[in-house]
$ cat target-v3.cif   # mmCIF, C-alpha atoms
data_upload
loop_
_atom_site.group_PDB
_atom_site.id
_atom_site.type_symbol
_atom_site.label_atom_id
_atom_site.label_comp_id
_atom_site.auth_asym_id
_atom_site.auth_seq_id
_atom_site.Cartn_x
_atom_site.Cartn_y
_atom_site.Cartn_z
ATOM 1 C CA MET A 1 -136.757 -7.265 126.204
ATOM 2 C CA GLU A 2 -138.509 -10.511 125.269
ATOM 3 C CA LYS A 3 -138.582 -13.737 127.257
ATOM 4 C CA ILE A 4 -137.749 -16.916 125.332
ATOM 5 C CA THR A 5 -137.287 -20.587 126.132
ATOM 6 C CA VAL A 6 -133.671 -21.704 125.735
ATOM 7 C CA ALA A 7 -134.732 -25.115 124.369
ATOM 8 C CA GLU A 8 -136.258 -23.320 121.356
ATOM 9 C CA ALA A 9 -133.696 -20.520 120.969
ATOM 10 C CA PRO A 10 -132.569 -19.959 117.373
ATOM 11 C CA GLN A 11 -128.923 -19.941 116.381
ATOM 12 C CA LEU A 12 -128.389 -16.150 116.404
ATOM 13 C CA VAL A 13 -129.956 -15.825 119.853
ATOM 14 C CA LEU A 14 -127.708 -18.596 121.179
ATOM 15 C CA ASP A 15 -124.619 -16.863 119.756
ATOM 16 C CA TYR A 16 -125.678 -13.640 121.503
ATOM 17 C CA LEU A 17 -126.310 -15.425 124.810
ATOM 18 C CA VAL A 18 -122.973 -17.255 124.694
ATOM 19 C CA ALA A 19 -121.196 -13.926 124.147
ATOM 20 C CA LYS A 20 -123.018 -12.477 127.179
ATOM 21 C CA ILE A 21 -122.193 -15.501 129.347
ATOM 22 C CA GLN A 22 -118.559 -15.284 128.268
ATOM 23 C CA GLY A 23 -118.504 -11.663 129.493
ATOM 24 C CA ARG A 24 -118.022 -10.086 126.068
ATOM 25 C CA THR A 25 -118.944 -6.425 125.515
ATOM 26 C CA ILE A 26 -121.937 -6.311 123.162
ATOM 27 C CA ARG A 27 -123.304 -3.319 121.272
ATOM 28 C CA HIS A 28 -126.367 -3.075 119.089
ATOM 29 C CA ASP A 29 -125.591 -1.611 115.657
ATOM 30 C CA PRO A 30 -122.497 0.387 116.736
ATOM 31 C CA MET A 31 -121.866 1.690 113.204
ATOM 32 C CA ALA A 32 -125.516 2.604 112.475
ATOM 33 C CA PHE A 33 -125.956 0.197 109.574
ATOM 34 C CA ALA A 34 -129.556 -0.495 110.652
ATOM 35 C CA HIS A 35 -131.101 -3.421 108.736
ATOM 36 C CA THR A 36 -128.225 -3.955 106.296
ATOM 37 C CA ALA A 37 -125.840 -6.910 106.280
ATOM 38 C CA ASN A 38 -123.599 -5.177 108.829
ATOM 39 C CA GLY A 39 -126.363 -4.166 111.231
ATOM 40 C CA GLY A 40 -127.222 -6.219 114.280
ATOM 41 C CA PHE A 41 -125.297 -7.041 117.430
ATOM 42 C CA TRP A 42 -121.525 -6.872 117.673
ATOM 43 C CA ILE A 43 -118.851 -7.825 120.145
ATOM 44 C CA TRP A 44 -117.256 -4.409 120.442
ATOM 45 C CA GLU A 45 -114.196 -4.362 122.644
ATOM 46 C CA ASP A 46 -111.963 -1.362 122.045
ATOM 47 C CA HIS A 47 -108.707 -1.885 123.935
ATOM 48 C CA PRO A 48 -106.426 1.182 123.654
ATOM 49 C CA ASN A 49 -103.245 -0.675 124.664
ATOM 50 C CA ALA A 50 -104.092 -4.055 123.158
ATOM 51 C CA GLN A 51 -105.721 -5.528 120.083
ATOM 52 C CA SER A 52 -109.325 -4.382 119.750
ATOM 53 C CA VAL A 53 -112.043 -6.889 118.889
ATOM 54 C CA PHE A 54 -114.965 -6.103 116.578
ATOM 55 C CA GLN A 55 -117.013 -9.175 115.610
ATOM 56 C CA ARG A 56 -120.561 -9.337 114.291
ATOM 57 C CA ILE A 57 -122.539 -11.848 116.324
ATOM 58 C CA GLY A 58 -123.884 -14.619 114.119
ATOM 59 C CA THR A 59 -121.207 -14.274 111.449
ATOM 60 C CA ASP A 60 -117.744 -13.311 112.756
ATOM 61 C CA TYR A 61 -118.595 -14.672 116.198
ATOM 62 C CA SER A 62 -120.735 -17.803 115.956
ATOM 63 C CA PRO A 63 -119.986 -20.519 118.491
ATOM 64 C CA THR A 64 -123.079 -22.371 117.234
ATOM 65 C CA GLY A 65 -121.731 -22.409 113.680
ATOM 66 C CA ASP A 66 -117.955 -22.578 114.085
ATOM 67 C CA CYS A 67 -116.404 -25.441 116.025
ATOM 68 C CA ALA A 68 -113.135 -23.504 116.381
ATOM 69 C CA ILE A 69 -115.040 -21.051 118.590
ATOM 70 C CA GLY A 70 -117.733 -23.297 120.070
ATOM 71 C CA CYS A 71 -116.115 -26.662 120.764
ATOM 72 C CA PRO A 72 -113.606 -25.401 123.371
ATOM 73 C CA ILE A 73 -116.466 -23.714 125.270
ATOM 74 C CA LEU A 74 -118.553 -26.918 125.268
ATOM 75 C CA ASP A 75 -115.542 -29.023 126.241
ATOM 76 C CA GLU A 76 -114.703 -26.752 129.177
ATOM 77 C CA ALA A 77 -118.340 -26.796 130.325
ATOM 78 C CA LEU A 78 -118.450 -30.630 130.128
ATOM 79 C CA ILE A 79 -121.364 -30.655 127.675
ATOM 80 C CA SER A 80 -121.851 -34.032 125.980
ATOM 81 C CA THR A 81 -123.516 -34.386 122.590
ATOM 82 C CA GLY A 82 -124.669 -37.293 120.489
ATOM 83 C CA PRO A 83 -126.869 -38.148 117.526
ATOM 84 C CA VAL A 84 -130.561 -38.933 117.916
ATOM 85 C CA PHE A 85 -132.179 -41.690 115.869
ATOM 86 C CA LEU A 86 -135.918 -42.098 115.394
ATOM 87 C CA ASP A 87 -137.112 -45.307 113.754
ATOM 88 C CA GLY A 88 -133.539 -46.014 112.704
ATOM 89 C CA LYS A 89 -133.091 -42.654 110.952
ATOM 90 C CA PHE A 90 -130.933 -39.738 112.044
ATOM 91 C CA ASP A 91 -133.153 -37.078 113.660
ATOM 92 C CA GLY A 92 -130.774 -34.396 114.951
ATOM 93 C CA TRP A 93 -128.592 -34.032 118.018
ATOM 94 C CA GLU A 94 -129.012 -34.077 121.773
ATOM 95 C CA ALA A 95 -126.848 -32.582 124.490
ATOM 96 C CA PHE A 96 -126.668 -32.858 128.247
ATOM 97 C CA SER A 97 -124.501 -31.737 131.118
ATOM 98 C CA ALA A 98 -123.889 -33.700 134.276
ATOM 99 C CA THR A 99 -123.554 -30.343 136.037
ATOM 100 C CA LEU A 100 -127.192 -29.363 135.413
ATOM 101 C CA ASP A 101 -129.324 -29.622 138.516
ATOM 102 C CA SER A 102 -131.565 -32.646 138.339
ATOM 103 C CA GLU A 103 -133.263 -34.822 140.897
ATOM 104 C CA GLU A 104 -130.964 -37.340 142.575
ATOM 105 C CA GLY A 105 -130.759 -40.422 140.373
ATOM 106 C CA ASP A 106 -132.534 -38.765 137.429
ATOM 107 C CA ASP A 107 -130.996 -38.493 134.005
ATOM 108 C CA PRO A 108 -129.723 -34.988 133.294
ATOM 109 C CA ASP A 109 -131.940 -32.678 131.253
ATOM 110 C CA ARG A 110 -131.418 -33.072 127.530
ATOM 111 C CA PHE A 111 -131.516 -30.391 124.874
ATOM 112 C CA TYR A 112 -131.998 -30.945 121.164
ATOM 113 C CA GLY A 113 -131.051 -29.237 117.930
ATOM 114 C CA PRO A 114 -130.449 -29.752 114.230
ATOM 115 C CA THR A 115 -126.667 -29.595 114.773
ATOM 116 C CA ARG A 116 -124.333 -30.747 117.511
ATOM 117 C CA LEU A 117 -123.343 -27.158 118.300
ATOM 118 C CA ILE A 118 -126.910 -25.831 118.512
ATOM 119 C CA ALA A 119 -127.968 -28.677 120.825
ATOM 120 C CA GLY A 120 -124.787 -28.197 122.857
ATOM 121 C CA PHE A 121 -125.268 -24.466 123.273
ATOM 122 C CA ARG A 122 -128.925 -24.801 124.230
ATOM 123 C CA CYS A 123 -127.660 -27.032 127.036
ATOM 124 C CA TYR A 124 -124.767 -24.684 127.873
ATOM 125 C CA VAL A 125 -126.975 -21.585 128.088
ATOM 126 C CA ALA A 126 -129.570 -23.403 130.218
ATOM 127 C CA SER A 127 -126.847 -24.650 132.566
ATOM 128 C CA GLU A 128 -125.515 -21.105 132.972
ATOM 129 C CA VAL A 129 -128.653 -18.939 133.122
ATOM 130 C CA GLY A 130 -131.724 -21.199 133.311
ATOM 131 C CA ASP A 131 -134.435 -22.483 130.988
ATOM 132 C CA GLU A 132 -135.861 -19.045 130.140
ATOM 133 C CA VAL A 133 -133.963 -15.883 129.266
ATOM 134 C CA GLU A 134 -134.688 -12.320 128.259
ATOM 135 C CA VAL A 135 -133.143 -11.014 125.071
ATOM 136 C CA PRO A 136 -133.458 -7.700 123.246
ATOM 137 C CA LYS A 137 -136.502 -7.573 120.964
ATOM 138 C CA GLN A 138 -134.260 -6.276 118.142
ATOM 139 C CA LEU A 139 -132.363 -9.589 118.244
ATOM 140 C CA LEU A 140 -135.533 -11.542 117.501
ATOM 141 C CA ASP A 141 -136.321 -9.258 114.556
ATOM 142 C CA LEU A 142 -133.050 -10.016 112.742
#
$ encode --input "target-v3.cif" --output "structure tokens"
Amino acid sequence: MEKITVAEAPQLVLDYLVAKIQGRTIRHDPMAFAHTANGGFWIWEDHPNAQSVFQRIGTDYSPTGDCAIGCPILDEALISTGPVFLDGKFDGWEAFSATLDSEEGDDPDRFYGPTRLIAGFRCYVASEVGDEVEVPKQLLDL
């Protein structure tokens, strides 16, 4: 396991962390594809009496890249996002949550990213599990 700062977490790591927070069953390389296009981490939920779910994290399951997956999660968590301008030019996105612990009267902590979803999920993950997290080393090697 490797410790990383949520504010700097890359997209794939955020997708993995969101799946964990959402209580999804995650397996590393369940079909032994190793370092091919189908290797990596998967949501692997085999339900004998219901529809099974097999989604590769970062492609099939990417809340940071697919608003159909990610936006409902951010909306439910009350994460707000907006554009950032520096010297009158667009410079990425920021996100904050009024539910994050902050000193009384302080502005809530803000998280940044190149897209609205990445900024939003940096904020979401921090609000759920803190500013630093441990992730499998294999995830950082992908």
$ resolve_selection --input "target-v3.cif" --expression "the PyMOL selection byres ((chain A and resi 14) around 10)" --output "ChimeraX atom specification"
/A:6,8-13,15-20,57-58,62-64,118,121-122,124-125
$ atom_distance --input "target-v3.cif" --atom1 "atom CA of A:Val133" --atom2 "atom CA of A:Lys3"
5.5 Å
$ resolve_selection --input "target-v3.cif" --expression "the PyMOL selection byres ((chain A and resi 73-88) around 10)" --output "ChimeraX atom specification"
/A:18,22,63,67-72,89-100,110-117,119-121,123-124,127-128
$ residues_around --input "target-v3.cif" --residues "A:Ala37" --least-positions-apart "4" --cutoff "12 Å" --atoms "all atoms listed in the file" --output "compact mmCIF listing (two decimals) with C-alpha atoms, keeping the file's coordinate frame"
# COMPACT_ATOMS: atom_id res chain seq x y z
CA ASP A 29 -125.59 -1.61 115.66
CA MET A 31 -121.87 1.69 113.20
CA ALA A 32 -125.52 2.60 112.48
CA PHE A 33 -125.96 0.20 109.57
CA PHE A 41 -125.30 -7.04 117.43
CA ARG A 56 -120.56 -9.34 114.29
CA ILE A 57 -122.54 -11.85 116.32
CA GLY A 58 -123.88 -14.62 114.12
CA THR A 59 -121.21 -14.27 111.45
CA LEU A 142 -133.05 -10.02 112.74
$ atom_distance --input "target-v3.cif" --atom1 "atom CA of A:Pro30" --atom2 "atom CA of A:Phe54"
9.9 Å
$ atom_distance --input "target-v3.cif" --atom1 "atom CA of A:Ile21" --atom2 "atom CA of A:Gly130"
11.8 Å
